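Content type compact mmCIF, C-alpha atoms and all ligand atoms, from the file work_38.txt:
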```txt
# COMPACT_ATOMS: atom_id res chain seq x y z
CA MET A 1 -45.58 -10.62 -13.36
CA ALA A 2 -42.66 -10.23 -15.80
CA GLN A 3 -39.83 -8.09 -14.47
CA ALA A 4 -39.27 -4.80 -16.36
CA LEU A 5 -36.09 -4.78 -18.42
CA PRO A 6 -33.35 -2.27 -17.56
CA THR A 7 -33.73 0.84 -19.72
CA LEU A 8 -31.06 2.05 -22.17
CA ASN A 9 -30.57 5.56 -23.57
CA LEU A 10 -28.31 6.15 -26.55
CA ILE A 11 -26.29 9.26 -27.25
CA GLY A 12 -25.01 8.55 -30.75
CA ALA A 13 -26.59 5.78 -32.74
CA GLY A 14 -24.40 4.97 -35.71
CA ARG A 15 -22.92 1.59 -36.53
CA VAL A 16 -22.01 0.51 -33.00
CA GLY A 17 -24.93 2.09 -31.13
CA GLN A 18 -27.54 0.66 -33.48
CA THR A 19 -25.95 -2.78 -33.55
CA LEU A 20 -25.72 -3.22 -29.79
CA ALA A 21 -29.11 -1.67 -29.07
CA GLN A 22 -30.80 -3.82 -31.70
CA LEU A 23 -29.21 -7.00 -30.34
CA TRP A 24 -30.15 -6.15 -26.75
CA THR A 25 -33.71 -5.31 -27.80
CA ARG A 26 -34.13 -8.39 -29.99
CA ASN A 27 -32.80 -10.69 -27.25
CA GLY A 28 -34.96 -9.15 -24.51
CA VAL A 29 -31.93 -7.97 -22.50
CA LEU A 30 -32.47 -4.20 -22.35
CA GLN A 31 -35.26 -1.86 -23.38
CA VAL A 32 -34.30 1.16 -25.49
CA ARG A 33 -35.81 4.41 -24.29
CA ASP A 34 -34.43 7.65 -25.83
CA VAL A 35 -32.09 7.91 -28.84
CA LEU A 36 -30.17 11.10 -29.49
CA THR A 37 -28.07 11.87 -32.57
CA ARG A 38 -27.30 15.08 -34.45
CA SER A 39 -30.73 15.12 -36.10
CA ILE A 40 -34.19 13.80 -35.32
CA ALA A 41 -34.22 12.11 -38.74
CA SER A 42 -31.12 10.00 -38.09
CA ALA A 43 -32.24 9.25 -34.52
CA GLN A 44 -35.61 8.05 -35.85
CA ALA A 45 -33.93 5.92 -38.53
CA ALA A 46 -31.75 4.38 -35.82
CA LEU A 47 -34.78 3.70 -33.64
CA ASP A 48 -36.58 2.08 -36.58
CA PHE A 49 -33.64 -0.27 -37.01
CA ILE A 50 -33.23 -0.96 -33.29
CA ALA A 51 -36.85 -1.66 -32.41
CA PRO A 52 -39.10 -1.57 -35.47
CA GLY A 53 -42.68 -0.82 -34.56
CA ALA A 54 -41.96 -0.25 -30.85
CA SER A 55 -43.64 2.81 -29.39
CA SER A 56 -41.63 3.15 -26.16
CA GLY A 57 -38.52 4.73 -27.74
CA ARG A 58 -38.20 8.39 -28.67
CA ALA A 59 -35.92 10.03 -31.25
CA LEU A 60 -34.38 13.26 -29.95
CA ALA A 61 -31.84 15.91 -30.87
CA HIS A 62 -31.28 17.58 -27.46
CA ILE A 63 -29.92 16.02 -24.28
CA ALA A 64 -32.20 18.25 -22.21
CA ASP A 65 -35.20 16.31 -23.61
CA MET A 66 -33.89 12.88 -22.58
CA ARG A 67 -35.59 10.93 -19.81
CA ALA A 68 -33.71 9.14 -17.05
CA ALA A 69 -32.57 5.59 -17.81
CA ASP A 70 -30.66 2.81 -16.05
CA ILE A 71 -27.91 2.68 -18.68
CA TRP A 72 -26.48 5.31 -21.02
CA LEU A 73 -24.39 4.33 -24.02
CA LEU A 74 -22.34 7.18 -25.48
CA ALA A 75 -21.77 5.73 -28.97
CA VAL A 76 -20.51 8.94 -30.54
CA PRO A 77 -17.10 9.29 -32.28
CA ASP A 78 -14.21 9.23 -29.79
CA ALA A 79 -13.57 12.97 -30.08
CA GLN A 80 -17.15 13.70 -28.97
CA ILE A 81 -17.34 11.40 -25.93
CA GLY A 82 -15.88 13.83 -23.37
CA ALA A 83 -18.11 16.74 -24.42
CA CYS A 84 -21.22 14.52 -24.45
CA ALA A 85 -20.37 13.17 -20.98
CA LEU A 86 -20.03 16.71 -19.65
CA GLU A 87 -23.32 17.78 -21.22
CA LEU A 88 -25.07 14.69 -19.85
CA ALA A 89 -23.63 15.29 -16.38
CA THR A 90 -24.86 18.90 -16.45
CA HIS A 91 -28.32 17.75 -17.57
CA ALA A 92 -28.49 14.93 -14.99
CA GLY A 93 -27.30 17.25 -12.23
CA GLN A 94 -30.00 19.83 -13.08
CA CYS A 95 -32.71 17.14 -13.17
CA GLY A 96 -31.51 15.50 -9.96
CA ASP A 97 -31.54 12.11 -11.70
CA ALA A 98 -30.41 9.13 -9.62
CA PRO A 99 -26.89 7.95 -10.51
CA ALA A 100 -26.97 5.52 -13.44
CA LEU A 101 -24.44 3.51 -15.48
CA ALA A 102 -22.69 5.11 -18.47
CA PHE A 103 -20.26 3.55 -20.91
CA HIS A 104 -18.65 4.17 -24.26
CA CYS A 105 -17.21 1.79 -26.85
CA SER A 106 -13.89 3.39 -27.75
CA GLY A 107 -10.95 1.04 -28.07
CA ALA A 108 -8.28 3.63 -27.35
CA GLN A 109 -10.01 5.82 -24.76
CA SER A 110 -10.71 4.80 -21.17
CA ALA A 111 -13.66 5.35 -18.86
CA ALA A 112 -11.81 8.42 -17.53
CA LEU A 113 -13.56 10.35 -20.34
CA LEU A 114 -16.78 9.85 -18.35
CA ARG A 115 -15.38 11.51 -15.24
CA PRO A 116 -18.07 14.24 -15.00
CA LEU A 117 -20.59 11.43 -14.56
CA ARG A 118 -18.42 9.49 -12.13
CA ASP A 119 -18.16 12.68 -10.06
CA LEU A 120 -21.97 12.55 -9.73
CA GLY A 121 -21.77 9.00 -8.36
CA TRP A 122 -22.47 7.20 -11.66
CA SER A 123 -20.64 3.97 -12.43
CA VAL A 124 -18.70 4.24 -15.68
CA ALA A 125 -16.88 1.92 -18.07
CA SER A 126 -15.69 1.40 -21.60
CA ALA A 127 -16.68 -1.70 -23.56
CA HIS A 128 -14.75 -2.21 -26.79
CA PRO A 129 -16.11 -4.88 -29.13
CA VAL A 130 -13.22 -6.17 -31.24
CA LEU A 131 -15.17 -6.17 -34.50
CA SER A 132 -15.18 -4.00 -37.58
CA PHE A 133 -18.73 -2.60 -37.69
CA ALA A 134 -19.17 -2.13 -41.44
CA SER A 135 -22.92 -1.53 -41.11
CA PRO A 136 -25.42 -2.21 -38.32
CA GLN A 137 -27.06 -4.97 -40.40
CA ALA A 138 -23.77 -6.77 -41.09
CA ALA A 139 -22.39 -6.26 -37.57
CA ALA A 140 -25.55 -7.56 -35.89
CA ALA A 141 -25.18 -10.81 -37.85
CA GLN A 142 -21.43 -11.04 -37.18
CA PHE A 143 -21.51 -10.07 -33.48
CA PRO A 144 -21.85 -13.49 -31.77
CA GLY A 145 -18.40 -14.58 -30.62
CA THR A 146 -16.95 -11.05 -30.68
CA PRO A 147 -14.35 -10.44 -27.96
CA CYS A 148 -15.34 -7.38 -25.86
CA ALA A 149 -12.77 -5.54 -23.74
CA LEU A 150 -14.28 -4.16 -20.52
CA GLU A 151 -12.51 -1.45 -18.53
CA GLY A 152 -13.64 0.90 -15.77
CA ASP A 153 -15.50 0.67 -12.46
CA ALA A 154 -15.98 -2.83 -11.07
CA ALA A 155 -19.72 -2.18 -10.69
CA ALA A 156 -20.15 -1.04 -14.30
CA CYS A 157 -18.02 -3.87 -15.74
CA GLY A 158 -19.88 -6.38 -13.58
CA ALA A 159 -23.21 -5.16 -14.96
CA LEU A 160 -22.07 -4.97 -18.59
CA GLN A 161 -20.55 -8.45 -18.68
CA PRO A 162 -23.85 -10.44 -18.60
CA TRP A 163 -25.51 -8.02 -21.04
CA PHE A 164 -22.72 -8.47 -23.58
CA SER A 165 -22.64 -12.22 -22.95
CA ALA A 166 -26.38 -12.40 -23.59
CA ILE A 167 -25.85 -11.20 -27.18
CA GLY A 168 -22.82 -13.42 -27.82
CA GLY A 169 -20.01 -11.12 -26.67
CA ALA A 170 -16.96 -12.81 -25.14
CA CYS A 171 -15.87 -10.37 -22.42
CA PHE A 172 -12.41 -9.88 -21.01
CA THR A 173 -10.99 -7.05 -18.90
CA VAL A 174 -8.28 -4.48 -19.65
CA ARG A 175 -6.71 -2.29 -16.95
CA SER A 176 -7.36 1.43 -17.43
CA GLU A 177 -3.65 2.22 -17.62
CA ASP A 178 -3.23 -0.39 -20.39
CA LYS A 179 -6.03 0.85 -22.62
CA VAL A 180 -3.88 2.82 -25.10
CA LEU A 181 -1.29 0.05 -25.49
CA TYR A 182 -4.10 -2.51 -25.78
CA HIS A 183 -5.61 -0.58 -28.68
CA ALA A 184 -2.24 0.10 -30.32
CA ALA A 185 -1.74 -3.68 -30.28
CA ALA A 186 -5.09 -4.15 -32.02
CA VAL A 187 -3.94 -1.66 -34.67
CA LEU A 188 -0.70 -3.61 -35.10
CA ALA A 189 -2.63 -6.87 -35.30
CA THR A 190 -4.89 -5.79 -38.12
CA ASN A 191 -4.63 -2.29 -39.55
CA PHE A 192 -1.23 -2.53 -41.22
CA ALA A 193 -1.95 -5.68 -43.22
CA PRO A 194 -3.96 -3.75 -45.85
CA VAL A 195 -1.27 -1.03 -45.97
CA LEU A 196 1.49 -3.55 -46.65
CA GLN A 197 -0.69 -5.39 -49.15
CA ALA A 198 -1.32 -2.18 -51.09
CA LEU A 199 2.43 -1.39 -51.10
CA ALA A 200 3.28 -4.87 -52.36
CA GLU A 201 0.73 -4.59 -55.16
CA ASP A 202 2.06 -1.16 -56.19
CA ALA A 203 5.59 -2.57 -56.29
CA TRP A 204 4.48 -5.56 -58.38
CA ARG A 205 2.70 -3.17 -60.74
CA ALA A 206 5.95 -1.19 -61.02
CA THR A 207 7.62 -4.37 -62.29
CA GLY A 208 4.97 -4.64 -65.02
CA MET A 209 3.02 -7.45 -63.40
CA PRO A 210 -0.64 -7.55 -64.54
CA ASP A 211 -3.23 -6.92 -61.81
CA THR A 212 -4.85 -10.31 -62.42
CA LEU A 213 -1.60 -11.99 -61.38
CA SER A 214 -0.95 -9.76 -58.36
CA LEU A 215 -4.48 -10.52 -57.12
CA ARG A 216 -3.68 -14.23 -57.32
CA LEU A 217 -0.43 -13.66 -55.41
CA ARG A 218 -2.30 -11.63 -52.80
CA GLU A 219 -4.82 -14.37 -52.19
CA ARG A 220 -2.22 -17.12 -52.07
CA LEU A 221 0.25 -15.32 -49.82
CA LEU A 222 -2.35 -13.92 -47.42
CA HIS A 223 -4.13 -17.24 -46.91
CA ASN A 224 -0.81 -18.98 -46.47
CA ALA A 225 0.43 -16.42 -43.91
CA VAL A 226 -2.83 -16.39 -41.92
CA ASN A 227 -3.01 -20.19 -41.82
CA ASN A 228 0.61 -20.47 -40.70
CA ILE A 229 0.34 -17.73 -38.05
CA VAL A 230 -2.81 -19.29 -36.61
CA ALA A 231 -1.37 -22.81 -36.67
CA LEU A 232 2.24 -22.13 -35.68
CA GLY A 233 2.35 -18.69 -34.03
CA PRO A 234 4.15 -15.61 -35.45
CA GLN A 235 7.73 -16.70 -34.81
CA ARG A 236 7.52 -20.12 -36.49
CA ALA A 237 5.37 -18.67 -39.30
CA LEU A 238 8.03 -16.08 -40.19
CA THR A 239 9.74 -16.71 -43.53
CA GLY A 240 11.86 -14.57 -45.88
CA PRO A 241 15.34 -13.05 -45.60
CA ALA A 242 14.94 -11.94 -41.95
CA ALA A 243 13.95 -15.46 -40.88
CA ARG A 244 17.16 -16.70 -42.50
CA GLY A 245 19.25 -13.88 -41.00
CA ASP A 246 20.20 -12.84 -44.53
CA HIS A 247 21.40 -9.26 -43.91
CA ALA A 248 22.81 -8.86 -47.42
CA ALA A 249 19.46 -9.64 -49.06
CA ILE A 250 17.66 -7.25 -46.70
CA ALA A 251 20.11 -4.41 -47.48
CA LEU A 252 19.92 -4.97 -51.24
CA GLN A 253 16.10 -5.07 -51.28
CA ALA A 254 15.83 -2.00 -49.02
CA ASP A 255 18.06 -0.03 -51.41
CA VAL A 256 15.99 -1.03 -54.44
CA VAL A 257 12.74 -0.21 -52.62
CA ALA A 258 14.24 3.18 -51.65
CA ASP A 259 14.74 4.03 -55.33
CA TRP A 260 11.09 3.18 -55.96
CA ASP A 261 9.46 4.70 -52.82
CA PRO A 262 11.60 6.13 -49.97
CA GLN A 263 8.76 5.91 -47.41
CA ALA A 264 8.17 2.28 -48.25
CA ALA A 265 11.92 1.66 -47.80
CA ALA A 266 11.82 3.20 -44.31
CA ALA A 267 9.00 0.80 -43.40
CA TYR A 268 10.85 -2.10 -45.04
CA ARG A 269 13.99 -1.40 -43.00
CA ALA A 270 12.14 -0.89 -39.69
CA LEU A 271 10.05 -4.03 -40.15
CA SER A 272 13.14 -6.02 -41.15
CA VAL A 273 14.81 -5.09 -37.84
CA LEU A 274 11.73 -6.32 -35.97
CA ALA A 275 11.59 -9.46 -38.10
CA LEU A 276 15.26 -10.19 -37.33
CA ARG A 277 14.47 -9.73 -33.63
CA LEU A 278 11.51 -12.10 -33.90
CA ALA A 279 13.70 -14.69 -35.62
CA GLY A 280 16.40 -14.33 -32.94
CA HIS A 281 19.04 -12.85 -35.29
CA PRO A 282 21.14 -9.73 -34.51
CA PRO A 283 19.86 -6.46 -36.05
CA GLU A 284 23.23 -5.78 -37.75
CA PRO A 285 25.29 -8.22 -39.84
CA PRO A 286 27.87 -9.96 -37.64
CA GLN A 287 31.33 -8.28 -37.92
CA ALA A 288 33.86 -10.30 -39.94
N1 LIG B 301 -17.00 1.33 -36.23
C1 LIG B 301 -16.29 0.38 -35.65
O1 LIG B 301 -15.86 -0.59 -36.32
C2 LIG B 301 -16.04 0.42 -34.16
C3 LIG B 301 -15.57 -0.75 -33.53
C4 LIG B 301 -15.39 -0.74 -32.14
C5 LIG B 301 -15.62 0.43 -31.42
N2 LIG B 301 -16.04 1.57 -32.07
C6 LIG B 301 -16.31 2.76 -31.26
O2 LIG B 301 -17.71 2.97 -31.19
C7 LIG B 301 -17.99 4.37 -31.05
C8 LIG B 301 -18.98 4.78 -32.12
O3 LIG B 301 -18.43 4.53 -33.40
P1 LIG B 301 -19.36 4.30 -34.68
O4 LIG B 301 -18.48 3.63 -35.69
O5 LIG B 301 -20.64 3.69 -34.29
O6 LIG B 301 -19.61 5.81 -35.14
P2 LIG B 301 -20.61 6.33 -36.30
O7 LIG B 301 -21.13 5.19 -37.10
O8 LIG B 301 -19.88 7.42 -36.99
O9 LIG B 301 -21.84 6.94 -35.49
C9 LIG B 301 -21.67 8.06 -34.65
C10 LIG B 301 -23.02 8.48 -34.11
O10 LIG B 301 -22.81 9.56 -33.20
C11 LIG B 301 -23.69 10.63 -33.54
N3 LIG B 301 -23.06 11.86 -33.11
C12 LIG B 301 -21.91 12.44 -33.54
N4 LIG B 301 -21.63 13.54 -32.82
C13 LIG B 301 -22.64 13.66 -31.93
C14 LIG B 301 -22.95 14.60 -30.90
N5 LIG B 301 -22.14 15.62 -30.65
N6 LIG B 301 -24.08 14.41 -30.17
C15 LIG B 301 -24.89 13.36 -30.40
N7 LIG B 301 -24.67 12.43 -31.36
C16 LIG B 301 -23.54 12.59 -32.11
C17 LIG B 301 -23.89 10.50 -35.04
O11 LIG B 301 -25.07 11.21 -35.37
P3 LIG B 301 -25.72 11.22 -36.84
O12 LIG B 301 -26.38 9.86 -36.98
O13 LIG B 301 -26.72 12.32 -36.80
O14 LIG B 301 -24.58 11.40 -37.80
C18 LIG B 301 -23.99 8.98 -35.18
O15 LIG B 301 -25.30 8.55 -34.85
C19 LIG B 301 -16.64 5.07 -31.12
O16 LIG B 301 -16.19 5.31 -29.80
C20 LIG B 301 -15.75 4.06 -31.81
O17 LIG B 301 -14.37 4.19 -31.47
C21 LIG B 301 -16.25 1.59 -33.41
```
Rewrite the structure from the file as C-alpha cells, please.
Amino acid sequence: MAQALPTLNLIGAGRVGQTLAQLWTRNGVLQVRDVLTRSIASAQAALDFIAPGASSGRALAHIADMRAADIWLLAVPDAQIGACALELATHAGQCGDAPALAFHCSGAQSAALLRPLRDLGWSVASAHPVLSFASPQAAAAQFPGTPCALEGDAAACGALQPWFSAIGGACFTVRSEDKVLYHAAAVLATNFAPVLQALAEDAWRATGMPDTLSLRLRERLLHNAVNNIVALGPQRALTGPAARGDHAAIALQADVVADWDPQAAAAYRALSVLALRLAGHPPEPPQA
C-alpha cells in the first residue's frame, strides 16, 4: 500500500506559498490540506492553483477552522509572521494538537519568530528561497536550482532539506545569529543595481542623451559588468577611477554630481571609498 504523504497547511498563500505548495503537490512530496488567507476567495484561488481539481484541500479564513497537519508554512508578509505564529499556537494549544513542524520563508527574520510554537514542543525553521517570486506561475517554472537558506531547529531543517531538494531547491544552512547580515548581503548583492542604474540614466538624461542611447549603454555596461564579475570576481572586475586610485577624478565627479543631485553625490562618495578599499588604494589622496 502506498504510504500517505506528509500533510501541509498554509497560512498565507501568495506568491511564495502558492509556488512551493504547487511544486510539492505536483511532485508528490507533500499533500496540501488547509489553506488560510485573508479571504475565502483568495484562499480558494490559491488552492485552485496549487492542486487543481483536488478535493482534499479546504480554503479557510479562520485559524480556528484549520485541521491538524504535519507541516505548517506561514507564508504571510514578514510583519504578520509573529502574530500568526501566536494565533496558531493558541489554536493548537486549545485543540491539544500533537507538536508539528512550522516554518516561514522570510530572508531577514529567523525562526525565533515562531517561538510560541517552539514553546509547545514544535520544531521550527525558516527556509528562504533566493529567488524573486514575480508570480506563482513564473516562480514555479524558475524554481529548480534555487538556493534555499535553512535556519532553525536541527530537526526542522533536517526535514525541510529533502522536501526542498525534491523540487529542485539547493539547500544550505545559515546560523540564526547571522540571518540579518545574510539578508543584508543579499540586498547588497542585488537590490542596489536597479537603483544605481536608474540614477545613471537620470544623469545621462540630464546631459541631453536620448533614451534610446542610454538604453543601449545600460545593456552594454550591465552585461559587461556581470560577465566580468562572474568570470573574474568583484576585485578584478572593478574598473573606473577608484580602480586606478584616481582621487582627483573621484573628487571632481562627486562635486559635479552634487550640483545635479546631492543624495546621489553622497552615494557616489560612499561607494567610491568602498571601491578604493576593494582596489587596495587608500581612501584619501596620499599627502604630497
Ligand atoms: N516575494 C518574494 O520574492 C519572496 C522571496 C523569498 C522569500 N519571500 C518571503 O515569503 C513570505 C511571503 O511573501 P510573498 O511574496 O509570498 O507574499 P504575498 O504574495 O504578499 O502573499 C502574502 C499572503 O499572506 C496572506 N496574508 C496576509 N496577512 C495575513 C494574515 N494576517 N493571515 C493570513 N493570511 C495573511 C495574503 O492573503 P490574501 O491572499 O488574502 O491577500 C497572501 O495570501 C515572506 O516572508 C517573504 O519575505 C518572498
inquiry  = Within 7 Å of ligand LIG 301 (chain B) (counting all atoms listed in the file), which residues show up? I'd like them as a PyMOL selection string.
reply    = chain A and resi 11-17+36-39+42-43+75-78+80+84+104-107+128-134
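Put simply, CA of Trp204 (chain A) is 20.5 Å away from CA of Ala242 (chain A).
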Selected residue of minimal separation from Ala159 (chain A) among A:Ala254, A:Ala64, A:Val124, A:Ala140, counting all atoms listed in the file = A:Val124
request  = Report the distance between CA of Ser123 (chain A) and CA of Gln18 (chain A) in Å, rounded to one decimal place.
outcome  = 22.4 Å
request  = Figure out the distance between CA of Ala200 (chain A) and CA of Thr212 (chain A), please, to one decimal in Å.
outcome  =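 Between CA of Thr212 (chain A) and CA of Ala200 (chain A) the gap works out to 14.0 Å.
Counting all atoms listed in the file and comparing A:Cys157, A:Ala170, A:Val32, A:Ala89, the residue that lies closest to Ala69 (chain A) is A:Val32.
Proximity of A:Leu117, A:Leu217, A:Ala54, A:Met66 to Ala102 (chain A), computed with only C-alpha atoms, is greatest for A:Leu117.
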Near-region 270-276 of chain A list (8 Å; only C-alpha atoms; drop same-chain fewer than 5 positions) as a PyMOL selection string = chain A and resi 238+242-243+245+250+281-283
message = Is it possible to get the residues within 10 Å of (-32.1, 1.9, -34.0) (coordinates as in the file, counting only C-alpha atoms) written as a PyMOL selection string?
response = chain A and resi 10+13-15+17-22+25+32+35+42-52+57+59+136
key: Nearest candidate to Ser214 (chain A) (options A:Leu278, A:Val226, A:Ala198, A:Leu88; using only C-alpha atoms)   = A:Ala198
inquiry  = Taking all atoms listed in the file into account, name the residue in A:Ala61, A:Ala108, A:Cys171, A:Ala251 that is nearest to Val187 (chain A).
reply    = A:Ala108
request  = Please identify all polymer residues within 12 Å of Ala98 (chain A), counting all atoms listed in the file, omitting same-chain residues fewer than 2 positions from it, and present them as a PyMOL selection string.
outcome  = chain A and resi 67-71+89+91-96+100-101+117+120-123
inquiry  = Please determine, counting only C-alpha atoms, which residue among A:Val256, A:Leu215, A:Asp246, A:Glu87 has the shortest atom-to-atom distance to Pro285 (chain A).
reply    =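 Between A:Val256, A:Leu215, A:Asp246, A:Glu87, the residue approaching Pro285 (chain A) most closely is A:Asp246.
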